[in-house]
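> I have a structure here, written as structure tokens, and I will follow up with some questions on it.
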Amino acid sequence: MRRAFPAFVLTAALISVVACVRPLPSAPEEDFDAAPHVADGGGSTAGASGQATNASGGGGHAAAGVAAGGTGGTAGTVGTVGSTGGTGGVVGSDAAVPTCSDGIKNSDETGVDCGGHCGKCAAGNGCLVDGDCQFACRPDKTCGACIVAADCPGIESECQHRTCTNGVCGSIREAWGTVLAMQTTGDCKRRQCAPDGTVAAFNDDSDVPDDRNPCTYDICTTGTPSHTMVPAGSNCGGANTCDANARCVGCVVAADCPGTDTRCRTRTCTAGGVCGVSFTAASTGLVDPTAGDCKALECNGVGYEQVVNDNTDLPVDGNPCSTDECSAGTPLHRPVASGTSCGANLICDGASRCVEDVAR
């Protein structure tokens, strides 16, 4: 026999069953805040298996400067797994591209907008190799201001000289009173160095002005040259005598006259038997006894030979990776530009060396 249940008992049981079947919680919302310049990962994972309703996957985050990120995966049906999430957005296209004029040390630069592919750096900037610098890369990996003294600014004279020491420019002065090699003979002066590094002329009464006339006295008086006559009738060489006009007379030919002939002066004898001297014109060049010393030898116009600066008398060192130059009569050699060819498959390294061209 069947047992009947009261209606209120059935109603209570149904309520209990309904209470146990509760809806699944909603999937947490994704954070869609944009992250500048960084691509986000894909969407959220697929919906869980066996639930009544699966949530859709979240979309990828949008990267700055581009379109929104990818869409999320679709929801699964009851009892199945939802599809995987969508892909994220791409990196923003407005990212700055390094240049050689952006005021920032970047890329392969060793200094700000210089070095590497951006060209040579001025002194004081960082460097890795000589090619990063206008001159050379020092051991402390900073660009030097020079390789040789001629690279440096400043005054160059017989008494003051530029210097380059370990890539640092400087200057040095000759000692006060240093007597210089270049002098003007017979001007009653002596060229020497002053305390401030300039060239000064000091009185030298021993530097008498020889006029090549044996009938005059050659005198310096506190730096001033002069000539006075010897007494008339004084012997002036051989059978010659001095007349009342300070002339040496009695010659027949020039060889009868006192003195000797040189490249800068020649004895003469006039038809009246008066001895004289002919001077070679000033600045007449003579054979240079020392080639490549940036000096020359010439006549000074009053019968003497003198040494002068000659910046065309180049000091050839035979090195294709260095220059041959003269500066104020001083020989110097500077490195030629890095990359200059110095032979078959050879190039200059910017430091006066000829090396193998490894780029070939």
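Quick note on naming: the chains in the structure tokens go A, B, ... in the order shown, residues restart at 1 in each chain, and ligands are numbered from 1 in order of appearance.
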So that I can see what lies close to A:Thr330, please list as a compact mmCIF listing (two decimals) with C-alpha atoms, in the first residue's frame the residues with an atom at most 9 Å from it, counting only C-alpha atoms and leaving out residues fewer than 4 positions away in the same chain.

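Once written, result_6.txt looks like this:
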# COMPACT_ATOMS: atom_id res chain seq x y z
CA ASP A 293 114.56 71.26 -40.11
CA CYS A 294 112.04 74.01 -40.96
CA LYS A 295 114.94 76.48 -41.31
CA ASN A 309 112.36 80.07 -40.31
CA ASN A 311 107.85 76.52 -43.17
CA GLU A 325 104.54 70.20 -41.11
CA CYS A 326 106.45 73.23 -39.84
> Skipping near chain neighbours, those fewer than 2 positions away, what residues fall within 12 Å of A:Cys321 using only C-alpha atoms, listed as an NGL selection string?
:A and (316-319 or 323-324 or 333-343 or 346-355)
> Write out as a list in words the residues lying within 9 Å of A:Thr216, counting only C-alpha atoms and excluding same-chain residues fewer than 6 positions away.
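Returned residues: His227, Thr228, Met229, Val230, Pro231, Ala246 and Arg247 of chain A.
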> In Å, how far is it from atom CA of A:Thr163 to atom CA of A:Ile147?
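It comes out at 9.7 Å.
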> Name the closest residue to A:Cys251 among the candidates A:Ser327, A:Arg190, A:Leu332, A:Gly238; distances are taken between atoms, counting only C-alpha atoms.
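Closest candidate: A:Gly238.
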> State, in Å with one decimal place, the distance from atom CA of A:Gly154 to atom CA of A:Asn125.
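These two atoms are separated by 21.9 Å.
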> Please determine, counting only C-alpha atoms, which residue among A:Pro139, A:Gly111, A:Gly285, A:Gly272 has the shortest atom-to-atom distance to A:Leu297.
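So, comparing all the options, the nearest one is A:Gly285.
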> Identify all residues of stretch 139-338 of chain A in helix (DSSP H, G or I) (DSSP on the backbone) and supply them as JSON, numbers by chain.
{"A": [149, 150, 151, 254, 255, 256]}
> Take the residues just selected and output them with N, CA and C atoms as a tab-separated table (two decimals), in the first residue's frame.

chain	number	residue	atom	x	y	z
A	149	ALA	N	101.48	68.83	-29.83
A	149	ALA	CA	101.33	70.22	-29.37
A	149	ALA	C	100.65	71.10	-30.40
A	150	ALA	N	100.84	70.82	-31.68
A	150	ALA	CA	100.25	71.66	-32.73
A	150	ALA	C	98.72	71.59	-32.72
A	151	ASP	N	98.14	70.59	-32.07
A	151	ASP	CA	96.68	70.49	-31.98
A	151	ASP	C	96.10	71.50	-31.00
A	254	ALA	N	140.38	93.77	-57.61
A	254	ALA	CA	139.65	93.52	-56.36
A	254	ALA	C	140.43	92.67	-55.38
A	255	ALA	N	141.23	91.77	-55.92
A	255	ALA	CA	141.99	90.89	-55.03
A	255	ALA	C	143.03	91.64	-54.22
A	256	ASP	N	143.36	92.90	-54.63
A	256	ASP	CA	144.31	93.71	-53.88
A	256	ASP	C	143.68	94.27	-52.61
> Using only C-alpha atoms, find the one residue out of A:Asn300, A:Ser278, A:Thr165, A:Thr185 that sits nearest to A:Asp207.
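Looking only at the distances to A:Asp207, the closest residue turns out to be A:Thr185.
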> If you run DSSP on the backbone here, which positions in stretch 210-327 of chain A get strand (DSSP E or B)? Please write them as a PyMOL selection string.
chain A and resi 216-221+224-229+235+241-242+248-249+262+265-269+274-279+285+295-299+305-309+322+325-327
> Would you save the residues from that selection as a PDB file, in the first residue's frame, using C-alpha atoms?

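Saved the output as result_2.pdb:
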ATOM      1  CA  THR A 216     136.533 102.948 -40.304  1.00  0.00           C
ATOM      2  CA  TYR A 217     136.082 101.850 -36.729  1.00  0.00           C
ATOM      3  CA  ASP A 218     133.020  99.726 -36.034  1.00  0.00           C
ATOM      4  CA  ILE A 219     131.400 100.765 -32.761  1.00  0.00           C
ATOM      5  CA  CYS A 220     128.375  99.974 -30.566  1.00  0.00           C
ATOM      6  CA  THR A 221     127.385 102.524 -27.939  1.00  0.00           C
ATOM      7  CA  THR A 224     123.531 102.020 -31.147  1.00  0.00           C
ATOM      8  CA  PRO A 225     125.848 101.219 -34.105  1.00  0.00           C
ATOM      9  CA  SER A 226     128.204 103.787 -35.599  1.00  0.00           C
ATOM     10  CA  HIS A 227     131.372 104.138 -37.732  1.00  0.00           C
ATOM     11  CA  THR A 228     134.207 106.613 -37.352  1.00  0.00           C
ATOM     12  CA  MET A 229     137.256 107.164 -39.646  1.00  0.00           C
ATOM     13  CA  ASN A 235     147.420 100.843 -43.937  1.00  0.00           C
ATOM     14  CA  THR A 241     146.196 103.076 -47.524  1.00  0.00           C
ATOM     15  CA  CYS A 242     143.261 104.989 -46.130  1.00  0.00           C
ATOM     16  CA  CYS A 248     140.940 102.260 -48.939  1.00  0.00           C
ATOM     17  CA  VAL A 249     142.914 103.218 -52.078  1.00  0.00           C
ATOM     18  CA  THR A 262     131.704  85.039 -49.515  1.00  0.00           C
ATOM     19  CA  ARG A 265     129.643  89.821 -50.271  1.00  0.00           C
ATOM     20  CA  THR A 266     132.281  90.405 -52.946  1.00  0.00           C
ATOM     21  CA  ARG A 267     135.310  92.782 -52.954  1.00  0.00           C
ATOM     22  CA  THR A 268     135.497  95.396 -55.677  1.00  0.00           C
ATOM     23  CA  CYS A 269     138.120  97.778 -57.058  1.00  0.00           C
ATOM     24  CA  VAL A 274     139.335 102.451 -54.554  1.00  0.00           C
ATOM     25  CA  CYS A 275     138.427  99.257 -52.733  1.00  0.00           C
ATOM     26  CA  GLY A 276     134.830  98.463 -51.975  1.00  0.00           C
ATOM     27  CA  VAL A 277     132.376  95.661 -51.235  1.00  0.00           C
ATOM     28  CA  SER A 278     129.289  94.510 -53.110  1.00  0.00           C
ATOM     29  CA  PHE A 279     126.567  92.906 -50.951  1.00  0.00           C
ATOM     30  CA  GLY A 285     118.497  81.989 -50.448  1.00  0.00           C
ATOM     31  CA  LYS A 295     114.936  76.480 -41.312  1.00  0.00           C
ATOM     32  CA  ALA A 296     116.676  78.164 -44.229  1.00  0.00           C
ATOM     33  CA  LEU A 297     119.906  80.003 -44.787  1.00  0.00           C
ATOM     34  CA  GLU A 298     119.980  83.356 -46.609  1.00  0.00           C
ATOM     35  CA  CYS A 299     121.911  86.587 -46.988  1.00  0.00           C
ATOM     36  CA  GLU A 305     124.584  84.750 -43.729  1.00  0.00           C
ATOM     37  CA  GLN A 306     121.646  84.233 -41.384  1.00  0.00           C
ATOM     38  CA  VAL A 307     119.274  81.442 -40.357  1.00  0.00           C
ATOM     39  CA  VAL A 308     115.547  82.085 -40.808  1.00  0.00           C
ATOM     40  CA  ASN A 309     112.363  80.070 -40.312  1.00  0.00           C
ATOM     41  CA  SER A 322     101.284  61.364 -40.167  1.00  0.00           C
ATOM     42  CA  GLU A 325     104.545  70.203 -41.115  1.00  0.00           C
ATOM     43  CA  CYS A 326     106.450  73.226 -39.839  1.00  0.00           C
ATOM     44  CA  SER A 327     105.058  75.622 -37.230  1.00  0.00           C
TER      45      SER A 327
END
> What's around A:Asp130 at 10 Å? Count only C-alpha atoms, leave out sequence neighbours fewer than 6 positions away in its own chain, and write the answer as a PyMOL selection string.
chain A and resi 115+120-121+136-138+141-144+338+349-351
> Between atom CA of A:Arg173 and atom CA of A:Val208, what distance in Å does the model show, to one decimal?
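Taking atom CA of A:Arg173 as the start and atom CA of A:Val208 as the end point, the length is 29.5 Å.
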> I need the residue nearest A:Gly186 from this list: A:Cys164, A:Pro331, A:Phe202, A:Tyr304. Use only C-alpha atoms for the distance.
A:Tyr304
> Would you please work out which residue, of A:Ser234, A:Thr290, A:Asn166, A:Asn203, is nearest to A:Asp140 when using only C-alpha atoms?
A:Asn166
